[in-house]
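Beneath this line is the structure, given in structure tokens, with notes to follow.
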Amino acid sequence: MRGDLGLLWNLAVIKLEDVQPATKGHNIIVKVVERKIVLDKRRTNGEGLRIAECLVGDETATALFTARNEQIDQMPEGAVVALRNCKVNMHKNFMRLAVDKWGVIKPVEDVDLPTEKINSKNISAVEYELVNVSK
């Protein structure tokens, strides 16, 4: 089914287990398992800043997705969404998925990812270390 969606959008859709640290340009179809607001405040210019951490997953793994402002409303719990042009940010040596202004979050209606099929392996729980290799 993922291949059909990739052909429909002319995109290569990957699974969460294939995501690597500090990479970008991924197209992933995931289910929002959990959403938690971690920051909700007003700036001095009156604009609001909201940040939520969403646990998203597919049949291969789960990961944390950082949603900002209007993206939070596009990520309700239980929804299946396509993260287009998604990037992987490193936060304290842990992976976090994000979609910036060049990416898109789209709801996917014709794909069902039952919660019991979501793999519990959290790729955002793996700590990475930058190692300098000198000769």
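Each chain in the structure tokens gets a letter, A, B, ..., in the order shown, and its residues are numbered from 1; ligands are numbered from 1 in order too.
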
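Within 8 Å of A:Lys121, once only C-alpha atoms are used and residues closer than 5 positions along the same chain are dropped, the contacting residues are Thr60, Ala61 and Thr62 of chain A.
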
DSSP strand (DSSP E) residues within chain A, listed as a PyMOL selection string: chain A and resi 13-14+24-42+48-57+62-68+80-91+94-98+104-107

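Counting from atom CA of A:Val19, the distance to atom CA of A:Asn93 is 14.8 Å.
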
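Selecting helix (DSSP H, G or I) from the backbone DSSP output for chain A yields Arg2, Gly3, Asp4, Leu5, Gly6, Leu7, Leu8, Trp9, Leu16, Glu17, Asp18, Glu70, Gln71, Ile72, Asp73, Thr115, Glu116, Lys117, Ile123, Ser124 and Ala125 of chain A.
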
Within 10 Å of A:Thr115 using only C-alpha atoms, minus same-chain residues under 3 positions, as a ChimeraX atom specification: /A:31-33,57-59,78,112,118-119

Spatial neighbours of stretch 63-65 of chain A, max dist 12 Å, only C-alpha atoms, sep filter under 6 positions, as number ranges by chain: A: 15-21, 28, 30-37, 51-57, 71-72, 75, 81, 83, 86-91, 94-100, 105, 118-126

Grab the residues selected above and save them as a short mmCIF file (atom, residue, chain, number, x, y, z; two decimals), in the first residue's frame with N, CA and C atoms.
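Generated output (again.cif):
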```
data_model
loop_
_atom_site.label_atom_id
_atom_site.label_comp_id
_atom_site.auth_asym_id
_atom_site.auth_seq_id
_atom_site.Cartn_x
_atom_site.Cartn_y
_atom_site.Cartn_z
N LYS A 15 10.07 3.80 5.45
CA LYS A 15 9.57 3.41 6.77
C LYS A 15 10.45 4.05 7.84
N LEU A 16 9.90 4.15 9.05
CA LEU A 16 10.63 4.81 10.13
C LEU A 16 11.95 4.11 10.48
N GLU A 17 12.00 2.80 10.35
CA GLU A 17 13.23 2.10 10.70
C GLU A 17 14.39 2.46 9.77
N ASP A 18 14.09 3.03 8.60
CA ASP A 18 15.13 3.40 7.64
C ASP A 18 15.65 4.82 7.82
N VAL A 19 15.10 5.57 8.76
CA VAL A 19 15.51 6.95 8.99
C VAL A 19 16.86 6.98 9.70
N GLN A 20 17.75 7.85 9.23
CA GLN A 20 19.08 7.99 9.82
C GLN A 20 19.22 9.38 10.46
N PRO A 21 20.13 9.53 11.42
CA PRO A 21 20.33 10.83 12.09
C PRO A 21 20.76 11.93 11.13
N ILE A 28 7.25 10.00 4.73
CA ILE A 28 6.90 8.93 5.66
C ILE A 28 5.41 8.99 5.94
N VAL A 30 2.72 7.87 8.72
CA VAL A 30 2.71 7.44 10.12
C VAL A 30 1.35 7.68 10.75
N LYS A 31 1.14 7.02 11.89
CA LYS A 31 -0.05 7.25 12.70
C LYS A 31 0.37 8.01 13.94
N VAL A 32 -0.42 9.02 14.33
CA VAL A 32 -0.14 9.78 15.54
C VAL A 32 -0.66 8.98 16.72
N VAL A 33 0.25 8.48 17.55
CA VAL A 33 -0.11 7.66 18.69
C VAL A 33 -0.44 8.52 19.90
N GLU A 34 0.34 9.57 20.10
CA GLU A 34 0.18 10.43 21.28
C GLU A 34 0.65 11.84 20.93
N ARG A 35 -0.01 12.85 21.54
CA ARG A 35 0.38 14.24 21.31
C ARG A 35 0.39 14.96 22.65
N LYS A 36 1.51 15.66 22.93
CA LYS A 36 1.65 16.37 24.20
C LYS A 36 2.21 17.76 23.94
N ILE A 37 1.49 18.80 24.41
CA ILE A 37 1.96 20.18 24.28
C ILE A 37 3.08 20.39 25.30
N ILE A 51 4.54 24.45 20.87
CA ILE A 51 5.32 23.30 20.43
C ILE A 51 4.74 22.06 21.10
N ALA A 52 4.58 21.01 20.30
CA ALA A 52 4.09 19.73 20.82
C ALA A 52 5.03 18.63 20.38
N GLU A 53 5.17 17.63 21.23
CA GLU A 53 5.90 16.42 20.86
C GLU A 53 4.87 15.34 20.60
N CYS A 54 4.91 14.80 19.40
CA CYS A 54 3.96 13.76 19.00
C CYS A 54 4.72 12.45 18.81
N LEU A 55 4.20 11.40 19.42
CA LEU A 55 4.75 10.07 19.18
C LEU A 55 4.04 9.53 17.95
N VAL A 56 4.80 9.29 16.89
CA VAL A 56 4.24 8.77 15.64
C VAL A 56 4.86 7.41 15.36
N GLY A 57 4.15 6.58 14.62
CA GLY A 57 4.69 5.26 14.35
C GLY A 57 4.11 4.62 13.11
N GLN A 71 0.92 23.26 12.90
CA GLN A 71 1.15 21.84 12.66
C GLN A 71 0.50 20.99 13.75
N ILE A 72 0.37 21.53 14.95
CA ILE A 72 -0.20 20.78 16.07
C ILE A 72 -1.64 20.37 15.74
N MET A 75 -2.10 17.27 13.60
CA MET A 75 -1.62 16.01 14.16
C MET A 75 -2.50 15.52 15.32
N VAL A 81 -1.10 10.36 8.91
CA VAL A 81 -0.64 11.52 8.15
C VAL A 81 0.59 11.16 7.32
N LEU A 83 4.07 12.70 6.14
CA LEU A 83 5.07 13.74 6.39
C LEU A 83 5.93 13.83 5.14
N CYS A 86 10.24 15.54 5.15
CA CYS A 86 10.51 15.54 6.59
C CYS A 86 12.02 15.49 6.83
N LYS A 87 12.46 16.12 7.90
CA LYS A 87 13.88 16.09 8.24
C LYS A 87 14.07 15.52 9.64
N VAL A 88 15.29 15.13 9.92
CA VAL A 88 15.63 14.57 11.22
C VAL A 88 16.56 15.54 11.93
N ASN A 89 16.07 16.14 12.99
CA ASN A 89 16.88 17.03 13.83
C ASN A 89 17.47 16.21 14.96
N MET A 90 18.65 16.61 15.41
CA MET A 90 19.26 15.96 16.56
C MET A 90 19.07 16.88 17.77
N HIS A 91 18.44 16.36 18.80
CA HIS A 91 18.18 17.11 20.03
C HIS A 91 18.83 16.35 21.18
N PHE A 94 19.62 12.79 20.35
CA PHE A 94 18.49 11.92 20.05
C PHE A 94 17.79 12.45 18.80
N MET A 95 17.22 11.55 18.00
CA MET A 95 16.55 11.94 16.76
C MET A 95 15.15 12.46 17.03
N ARG A 96 14.78 13.53 16.34
CA ARG A 96 13.42 14.07 16.35
C ARG A 96 13.04 14.39 14.90
N LEU A 97 11.88 13.95 14.49
CA LEU A 97 11.38 14.29 13.17
C LEU A 97 10.78 15.69 13.19
N ALA A 98 10.86 16.39 12.07
CA ALA A 98 10.28 17.73 11.97
C ALA A 98 9.96 18.02 10.51
N VAL A 99 8.97 18.89 10.31
CA VAL A 99 8.63 19.39 8.98
C VAL A 99 8.74 20.90 9.05
N ASP A 100 9.64 21.47 8.23
CA ASP A 100 9.80 22.92 8.23
C ASP A 100 8.95 23.54 7.13
N ILE A 105 2.48 18.48 5.85
CA ILE A 105 1.80 17.44 6.61
C ILE A 105 0.42 17.28 6.00
N ILE A 118 1.37 -0.98 15.33
CA ILE A 118 2.46 -0.02 15.48
C ILE A 118 3.58 -0.69 16.28
N ASN A 119 4.79 -0.67 15.74
CA ASN A 119 5.93 -1.27 16.42
C ASN A 119 6.37 -0.37 17.57
N SER A 120 6.71 -0.96 18.70
CA SER A 120 7.06 -0.16 19.88
C SER A 120 8.54 0.23 19.93
N LYS A 121 9.33 -0.18 18.95
CA LYS A 121 10.75 0.20 18.91
C LYS A 121 10.86 1.69 18.62
N ASN A 122 11.28 2.47 19.62
CA ASN A 122 11.34 3.93 19.49
C ASN A 122 12.73 4.35 19.03
N ILE A 123 12.83 4.82 17.79
CA ILE A 123 14.13 5.23 17.27
C ILE A 123 14.59 6.54 17.89
N SER A 124 13.69 7.28 18.52
CA SER A 124 14.07 8.52 19.20
C SER A 124 14.65 8.26 20.58
N ALA A 125 14.62 7.03 21.03
CA ALA A 125 15.18 6.69 22.34
C ALA A 125 16.64 6.25 22.24
N VAL A 126 17.14 6.13 21.02
CA VAL A 126 18.53 5.71 20.80
C VAL A 126 19.42 6.94 20.81
#
```

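Of note, atom CA of A:Ala22 and atom CA of A:Val80 are spaced 24.1 Å apart.
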
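The gap separating atom CA of A:Val104 from atom CA of A:Gln74 is 10.3 Å, in Å to one decimal.
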